[in-house]
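K.L.:
The structure under discussion is supplied below as structure tokens; questions concerning it will follow.
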Amino acid sequence: MGWYRTPTVMAAASLLLTALCAGQAPAAAPPARVGIDDVIAEKLDDAITAAMREAGIPGVGVGLWIDGDEAYVRSFGTADKTTGIPIKTDMHTRIGSVTKTFTVTGVLQLVDDGKVRLDAPISTYLDGVPGGDRITVRQLAEMRSGLYNYTEDPRWTAAFKADPYRAWTPQQLLDIAFRHPADFPPGARWEYSNTNTILLGLLVEKVSGQPLHTYLEQHVLAPAGLDATSLPTGAEITSPYVHGYTDFTPDGATVDASQWNPSWGWAAGAMISTIDDLHGWVPTLVGGGLPDGNRLLEPGTQAQRLRMLPTGHPDVGYGLGIAAIKGWIGHNGELPGYETIAVRHPQNRATLVIIVNSDIDGKYGSLSSLIANRITNIVTPKHVWSLPEAAQPNPIPNPSTPSTPPASPKP
């Protein structure tokens, strides 16, 4: 799902970002960026295509919008290696852990409605959570619960590799997580765990009385004008779509994962979107304003969302289902075949969306982070995207080294 890659393929995880203001220049300083003109656009084209050649990336879609400048929205390579159809910026893609930003938004709306309290124990709303009387809703959203990440479980990994088309229920995922003891006492530290967001999805369902996909459609996606974004209930992906390629297979062979069932990620990493929709979502996520001028959340709740706490990794902070890296705020996501980054740099008034249709990272680590690094080196040289390898919890093991214990898929 995203965030940093964790040894679990599906770590619907994909966090991103550094303490909200970490690494940013004082507000009075001039923006440390360059405008997007023809020369810069050509440099970006060259940097992206060079990275694709180096890392063997089939296709990349990029949207870069700097307020007051021309937009840079380009696609490179192929969306389908079988047919050779080129990738296009209006194609649907699986967004992995960027899903977490939507799920946590639903929770925060229920906070605004007075139906959920951030500092109430999760046992107030859901039964059966080990230590649930000591784990707060806030700690789940902040990745500080200590609950074991189900996508780290070797038996789950083996089951997923054996049948990536299998449908998983949220309770099955929690049963896997709860077989393991907590990694640490609630609030003791930060640790990315998809288990947290699965619980938050169930919280939204329990309190709202609606399925999560219905609640998000009515209360988050529709108000934000996101017509091309959805939480699928099965393996479906809206056409036209980008095919995603992965080697997270029993024998390390590269396959098309576009029809794999993302239900293992559910509230933590199963959503679908487009570059255009993510462009609309990121400013709302980070700034709180809706297209019609209203607000998605109350200002005080939005401020709590953006209170970034340290993760133990340099220049990486995490708030309530949102992260900060080098001043870029939002989330990234990874799952077999797909990688996504959807972030905004408020100081530089820049929004960046990247989609990549491969997670075969080889020696380069996260492919979306590779592209983001090359782009930000050019347009925001004082705020260059750099996601520490140690902050990528669930890297997929190299298939050429079978002695390495299998990792799980990354949401």
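Ordered as shown in the structure tokens, chains take letters A, B, and onward, while each chain numbers its residues from 1 and ligands are numbered from 1 in the order shown.
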What's around Asp247 (chain A) at 8 Å? Count only C-alpha atoms, leave out sequence neighbours fewer than 4 positions away in its own chain, and write the answer as a list in words.
P.N.:
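Skipping anything fewer than 4 positions along the chain leaves Gly252, Ala253, Thr254, Val255, Pro336, Asp359, Ile360 and Pro399 of chain A.
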K.L.:
Put those residues in a file: C-alpha atoms, as a compact mmCIF listing (two decimals), in the first residue's frame.
P.N.:
```
# COMPACT_ATOMS: atom_id res chain seq x y z
CA GLY A 252 10.39 -14.34 -8.97
CA ALA A 253 8.91 -14.18 -12.48
CA THR A 254 7.55 -10.83 -13.61
CA VAL A 255 3.77 -10.84 -14.11
CA PRO A 336 2.48 -5.35 -6.18
CA ASP A 359 7.46 -2.23 -8.05
CA ILE A 360 10.46 -4.22 -9.31
CA PRO A 399 14.02 -13.10 -6.16
```
K.L.:
Using DSSP on the backbone coordinates, identify all residues within region 93-251 of chain A classified as helix (DSSP H, G or I); present the result as a PyMOL selection string.
P.N.:
chain A and resi 96-112+122-124+137-141+150-152+154-162+170-178+194-208+212-221
K.L.:
Pull the closest atom pair for each residue of region 66-164 of chain A that gets at most 12 Å from region 373-388 of chain A, along with the distance in Å to one decimal, counting only C-alpha atoms, ordering rows by chain and then ascending residue number, as JSON lines.
P.N.:
```
{"residue": "A:Ile66", "atom": "CA", "partner": "A:Val379", "partner_atom": "CA", "distance": 9.5}
{"residue": "A:Asp69", "atom": "CA", "partner": "A:Val379", "partner_atom": "CA", "distance": 11.9}
{"residue": "A:Tyr72", "atom": "CA", "partner": "A:Ile375", "partner_atom": "CA", "distance": 11.0}
```
K.L.:
Hey, what does DSSP flag as strand (DSSP E or B) within region 48-84 of chain A? Can you give it to me as a ChimeraX atom specification?
P.N.:
/A:59-66,72-78
K.L.:
Can you work out the spacing between CA of Lys88 (chain A) and CA of Gly61 (chain A) in Å, to one decimal?
P.N.:
7.0 Å
K.L.:
Distance CA of Glu191 (chain A)-CA of Gln171 (chain A), one decimal place?
P.N.:
21.2 Å
